Amino acid sequence: MTANTGSVVATEALSKDYLAGVVTVHALRGVSLAVNRGEMVAIMGPSGSGKTTLLNMLGCVDLPTQGRYWLDGEDVSRLSDGALSRIRNEKIGFVFQTFNLLPRLTAAENVRLPLLYSHRRRPREAASQALERVGLADRLQHRPSQLSGGQQQRVAIARALVMEPAVVLADEPTGNLDSRSGEEIMLLFQELNREGVSILVVTHDLQVARHASRVVRMRDGRVVADEGMADGVDARDVLAAMPPPEPDEAAEEGA
Ligand code: ADP
Ligand code: MG
């Protein structure tokens, strides 16, 4: 396989071993995966199957033990730490289950953080524009503790988008949310994807995966299935079929 320029992410026989004491854990055992620009792909698999490890390799958090990786057409398998952190900052948007916002910073300051670590110039308004894009234009000065879980995750998504990354990598992004807030996050991902954002979502929940157009299944560090989503859902329909939010929640939303 060559560096397919149509792929935002392409790996060839990626493997990752962890040394845990005297035991070597083969967390990834030869993963070859290509994700097209503008795709939304779900990665599923039981606990311990290597989903987070794969996301860390794709996100340039850590180097694979073996194999090749092209991100946005560039071979990033053998880069130095400095080059990797630059690529991570500019090309990758991370979204975590636990949001990972800094509690003392406002929403706008949290979203601005990636800009501070970057050499690439971005417009001054990039952070407020990203917050507007996730529907939080009226929450710029709120701290995480003053926001609902769903709103905190939207701040995290704005932070992931602020550098206009090549791909957004989300690890169980709805895992800490109630079902309605989780569905609203999946609606946001579907909207961003329709605007052309490439998204990989790791989940163990088929209902979450059904929002993607393709599902990659992992087991024991390998891809065991990779297919189009047969029974996909549109989050707008799912939300419309849900009972309305509790009145007190609604009041809080409008506050
Ligand atoms: P998943 O996200 O699918 O639950 P992980 O990628 O977290 O799976 O883990 C895959 C395997 O690698 C597991 O057996 C896990 O225990 C092991 N593993 C993950 N990270 C480390 C690490 N830093 N050191 C040692 N073993 C690890
Ligand atoms: Mg995991």
# chains A, B, ... in the order shown; residues from 1 in each chain; ligands from 1
$ closest_atom_pairs --of "chain A" --to "ligand 2" --cutoff "9 Å" --atoms "only C-alpha atoms and all ligand atoms" --output "Markdown table"
| residue | atom | partner | partner_atom_place_in_ligand_line | distance |
| --- | --- | --- | --- | --- |
| A:Pro46 | CA | ligand 2 | 1 (Mg) | 8.9 |
| A:Ser47 | CA | ligand 2 | 1 (Mg) | 6.5 |
| A:Gly48 | CA | ligand 2 | 1 (Mg) | 6.9 |
| A:Ser49 | CA | ligand 2 | 1 (Mg) | 8.1 |
| A:Gly50 | CA | ligand 2 | 1 (Mg) | 7.0 |
| A:Lys51 | CA | ligand 2 | 1 (Mg) | 5.4 |
| A:Thr52 | CA | ligand 2 | 1 (Mg) | 4.1 |
| A:Thr53 | CA | ligand 2 | 1 (Mg) | 7.3 |
| A:Leu55 | CA | ligand 2 | 1 (Mg) | 8.8 |
| A:Asp171 | CA | ligand 2 | 1 (Mg) | 7.0 |
| A:Glu172 | CA | ligand 2 | 1 (Mg) | 7.7 |
| A:Val202 | CA | ligand 2 | 1 (Mg) | 7.8 |
| A:Thr203 | CA | ligand 2 | 1 (Mg) | 8.3 |
| A:His204 | CA | ligand 2 | 1 (Mg) | 8.9 |
$ write_last_selection --atoms "N, CA and C atoms" --output "compact mmCIF listing (two decimals), in the first residue's frame"
# COMPACT_ATOMS: atom_id res chain seq x y z
N PRO A 46 -14.35 -4.92 22.03
CA PRO A 46 -14.44 -5.07 23.48
C PRO A 46 -13.30 -4.37 24.19
N SER A 47 -13.47 -4.18 25.49
CA SER A 47 -12.42 -3.58 26.31
C SER A 47 -11.12 -4.36 26.15
N GLY A 48 -10.02 -3.64 25.96
CA GLY A 48 -8.72 -4.28 25.82
C GLY A 48 -8.38 -4.70 24.40
N SER A 49 -9.25 -4.39 23.44
CA SER A 49 -9.00 -4.86 22.07
C SER A 49 -8.01 -3.96 21.32
N GLY A 50 -7.65 -2.80 21.90
CA GLY A 50 -6.64 -1.96 21.28
C GLY A 50 -7.16 -0.66 20.68
N LYS A 51 -8.41 -0.30 20.98
CA LYS A 51 -9.02 0.89 20.38
C LYS A 51 -8.27 2.16 20.78
N THR A 52 -8.03 2.32 22.08
CA THR A 52 -7.36 3.52 22.55
C THR A 52 -5.92 3.56 22.06
N THR A 53 -5.28 2.41 22.06
CA THR A 53 -3.90 2.35 21.54
C THR A 53 -3.87 2.79 20.09
N LEU A 55 -5.98 4.76 18.57
CA LEU A 55 -6.23 6.19 18.52
C LEU A 55 -4.97 6.98 18.92
N ASP A 171 -12.57 9.49 21.61
CA ASP A 171 -12.53 8.22 22.35
C ASP A 171 -13.70 8.18 23.33
N GLU A 172 -14.72 7.40 23.02
CA GLU A 172 -15.92 7.27 23.85
C GLU A 172 -16.49 8.66 24.21
N VAL A 202 -14.23 6.23 18.57
CA VAL A 202 -14.10 4.95 19.25
C VAL A 202 -15.28 4.79 20.21
N THR A 203 -15.93 3.66 20.15
CA THR A 203 -17.05 3.40 21.05
C THR A 203 -17.24 1.89 21.22
N HIS A 204 -17.78 1.52 22.39
CA HIS A 204 -18.16 0.11 22.54
C HIS A 204 -19.66 -0.03 22.35
$ select_by_dssp --residues "segment 111-183 of chain A" --states "helix (DSSP H, G or I)" --output "ChimeraX atom specification"
/A:111-116,126-133,137-139,144-146,149-161,179-183
$ select_by_dssp --residues "segment 144-197 of chain A" --states "strand (DSSP E)" --output "list in words"
Val167, Val168, Leu169, Ala170 and Asp171 of chain A
$ residues_near_ligand --ligand "ligand 1" --cutoff "12 Å" --atoms "only C-alpha atoms and all ligand atoms" --output "ChimeraX atom specification"
/A:15-29,43-58,61-62,96-97,170-172,201-204,217-223
$ write_last_selection --atoms "C-alpha atoms" --output "CSV table (one decimal), in the first residue's frame"
chain,number,residue,atom,x,y,z
A,15,SER,CA,1.8,-2.8,15.7
A,16,LYS,CA,2.3,-1.6,19.2
A,17,ASP,CA,3.9,-3.5,22.0
A,18,TYR,CA,3.9,-2.3,25.6
A,19,LEU,CA,6.4,-3.6,28.1
A,20,ALA,CA,4.5,-4.1,31.4
A,21,GLY,CA,7.1,-5.3,33.9
A,22,VAL,CA,8.5,-8.5,32.4
A,23,VAL,CA,5.4,-9.0,30.2
A,24,THR,CA,5.1,-7.7,26.6
A,25,VAL,CA,1.5,-6.8,25.7
A,26,HIS,CA,0.8,-6.9,22.0
A,27,ALA,CA,-1.8,-4.1,22.0
A,28,LEU,CA,-1.9,-3.8,18.2
A,29,ARG,CA,-1.0,-6.7,15.9
A,43,ILE,CA,-14.1,1.9,15.8
A,44,MET,CA,-15.7,-0.8,17.9
A,45,GLY,CA,-14.4,-3.6,20.0
A,46,PRO,CA,-14.4,-5.1,23.5
A,47,SER,CA,-12.4,-3.6,26.3
A,48,GLY,CA,-8.7,-4.3,25.8
A,49,SER,CA,-9.0,-4.9,22.1
A,50,GLY,CA,-6.6,-2.0,21.3
A,51,LYS,CA,-9.0,0.9,20.4
A,52,THR,CA,-7.4,3.5,22.5
A,53,THR,CA,-3.9,2.3,21.5
A,54,LEU,CA,-4.9,2.7,17.9
A,55,LEU,CA,-6.2,6.2,18.5
A,56,ASN,CA,-3.0,7.1,20.3
A,57,MET,CA,-1.0,5.9,17.3
A,58,LEU,CA,-3.2,7.8,14.9
A,61,VAL,CA,0.7,10.6,20.9
A,62,ASP,CA,3.1,7.7,20.7
A,96,PHE,CA,-12.1,12.5,25.3
A,97,GLN,CA,-14.7,10.7,27.4
A,170,ALA,CA,-12.9,10.9,19.7
A,171,ASP,CA,-12.5,8.2,22.4
A,172,GLU,CA,-15.9,7.3,23.8
A,201,VAL,CA,-15.1,7.7,16.9
A,202,VAL,CA,-14.1,4.9,19.3
A,203,THR,CA,-17.0,3.4,21.1
A,204,HIS,CA,-18.2,0.1,22.5
A,217,ARG,CA,-14.3,-3.8,14.5
A,218,MET,CA,-11.3,-4.7,16.5
A,219,ARG,CA,-10.4,-7.8,18.6
A,220,ASP,CA,-7.1,-8.7,20.3
A,221,GLY,CA,-5.2,-5.9,18.5
A,222,ARG,CA,-6.5,-6.7,15.0
A,223,VAL,CA,-9.1,-5.4,12.7
$ residues_around --residues "Ser7 of chain A" --least-positions-apart "3" --cutoff "7 Å" --atoms "only C-alpha atoms" --output "list in words"
Asn4, Ala10, Ala34, Val35, Asn36, Arg37 and Asp72 of chain A
$ write_last_selection --atoms "C-alpha atoms" --output "mmCIF file, in the first residue's frame"
data_model
loop_
_atom_site.group_PDB
_atom_site.id
_atom_site.type_symbol
_atom_site.label_atom_id
_atom_site.label_comp_id
_atom_site.auth_asym_id
_atom_site.auth_seq_id
_atom_site.Cartn_x
_atom_site.Cartn_y
_atom_site.Cartn_z
ATOM 1 C CA ASN A 4 -3.023 7.244 -0.747
ATOM 2 C CA ALA A 10 -3.588 5.377 6.237
ATOM 3 C CA ALA A 34 -7.397 3.766 5.448
ATOM 4 C CA VAL A 35 -9.860 6.522 6.190
ATOM 5 C CA ASN A 36 -10.947 8.819 3.387
ATOM 6 C CA ARG A 37 -11.106 12.579 3.746
ATOM 7 C CA ASP A 72 -2.862 13.711 5.625
#
$ residues_around --residues "Leu131 of chain A" --least-positions-apart "2" --cutoff "9 Å" --atoms "only C-alpha atoms" --output "short mmCIF file (atom, residue, chain, number, x, y, z; two decimals) with C-alpha atoms, in the first residue's frame"
data_model
loop_
_atom_site.label_atom_id
_atom_site.label_comp_id
_atom_site.auth_asym_id
_atom_site.auth_seq_id
_atom_site.Cartn_x
_atom_site.Cartn_y
_atom_site.Cartn_z
CA ALA A 107 -14.54 28.08 27.70
CA ALA A 108 -12.86 30.61 25.40
CA VAL A 111 -10.43 26.58 23.22
CA ALA A 126 -10.71 31.52 15.89
CA ALA A 127 -11.65 30.44 19.43
CA SER A 128 -14.94 32.32 19.59
CA GLN A 129 -15.78 31.13 16.07
CA ARG A 133 -19.77 26.50 15.58
CA VAL A 134 -20.66 24.12 18.46
CA GLY A 135 -23.55 26.31 19.60
CA LEU A 136 -21.87 27.95 22.61
CA ALA A 137 -21.46 31.55 21.44
CA ASP A 138 -23.24 32.63 24.65
CA ARG A 139 -20.95 30.67 27.00
CA LEU A 140 -17.50 32.09 26.19
CA ARG A 154 -18.98 20.83 23.09
CA VAL A 155 -16.24 23.11 24.44
CA ILE A 157 -15.03 19.73 20.44
CA ALA A 158 -14.50 23.45 19.78
CA ARG A 159 -10.96 23.06 21.15
CA VAL A 162 -9.84 25.43 16.49
#
$ atom_distance --atom1 "atom CA of Val197 of chain A" --atom2 "atom CA of Val167 of chain A"
6.8 Å
$ residues_around --residues "Gly67 of chain A" --least-positions-apart "4" --cutoff "8 Å" --atoms "only C-alpha atoms" --output "list in words"
Thr11, Glu12, Ala13, Leu14, Ser15, Gly30 and Ser77 of chain A
$ write_last_selection --atoms "C-alpha atoms" --output "PDB file, in the first residue's frame"
ATOM      1  CA  THR A  11      -1.733   2.725   8.189  1.00  0.00           C
ATOM      2  CA  GLU A  12       0.152  -0.328   7.032  1.00  0.00           C
ATOM      3  CA  ALA A  13       0.701  -3.242   9.410  1.00  0.00           C
ATOM      4  CA  LEU A  14       0.806  -1.021  12.471  1.00  0.00           C
ATOM      5  CA  SER A  15       1.807  -2.792  15.652  1.00  0.00           C
ATOM      6  CA  GLY A  30      -0.707  -5.369  12.326  1.00  0.00           C
ATOM      7  CA  SER A  77       5.972   6.840  11.317  1.00  0.00           C
TER       8      SER A  77
END
$ residues_around --residues "Leu177 of chain A" --least-positions-apart "4" --cutoff "7 Å" --atoms "only C-alpha atoms" --output "VMD selection string"
chain A and resid 149 to 150 181 to 182
$ atom_distance --atom1 "atom CA of Pro144 of chain A" --atom2 "atom CA of Leu101 of chain A"
7.0 Å
$ residues_around --residues "Leu200 of chain A" --least-positions-apart "5" --cutoff "7 Å" --atoms "only C-alpha atoms" --output "number ranges by chain"
A: 40-42, 168-170
$ write_last_selection --atoms "N, CA and C atoms" --output "PDB file, in the first residue's frame"
ATOM      1  N   MET A  40     -16.737   9.539   8.238  1.00  0.00           N
ATOM      2  CA  MET A  40     -16.953   9.389   9.680  1.00  0.00           C
ATOM      3  C   MET A  40     -16.996   7.898   9.958  1.00  0.00           C
ATOM      4  N   VAL A  41     -15.997   7.435  10.708  1.00  0.00           N
ATOM      5  CA  VAL A  41     -15.802   6.009  10.936  1.00  0.00           C
ATOM      6  C   VAL A  41     -15.903   5.713  12.421  1.00  0.00           C
ATOM      7  N   ALA A  42     -16.619   4.648  12.763  1.00  0.00           N
ATOM      8  CA  ALA A  42     -16.673   4.177  14.150  1.00  0.00           C
ATOM      9  C   ALA A  42     -15.700   3.021  14.313  1.00  0.00           C
ATOM     10  N   VAL A 168     -10.546  14.527  13.345  1.00  0.00           N
ATOM     11  CA  VAL A 168     -10.942  14.555  14.758  1.00  0.00           C
ATOM     12  C   VAL A 168     -10.993  13.121  15.258  1.00  0.00           C
ATOM     13  N   LEU A 169     -10.305  12.864  16.378  1.00  0.00           N
ATOM     14  CA  LEU A 169     -10.270  11.536  16.981  1.00  0.00           C
ATOM     15  C   LEU A 169     -11.003  11.607  18.314  1.00  0.00           C
ATOM     16  N   ALA A 170     -12.068  10.837  18.448  1.00  0.00           N
ATOM     17  CA  ALA A 170     -12.895  10.905  19.658  1.00  0.00           C
ATOM     18  C   ALA A 170     -12.938   9.537  20.325  1.00  0.00           C
TER      19      ALA A 170
END
$ atom_distance --atom1 "atom CA of Leu105 of chain A" --atom2 "atom CA of Glu132 of chain A"
17.7 Å
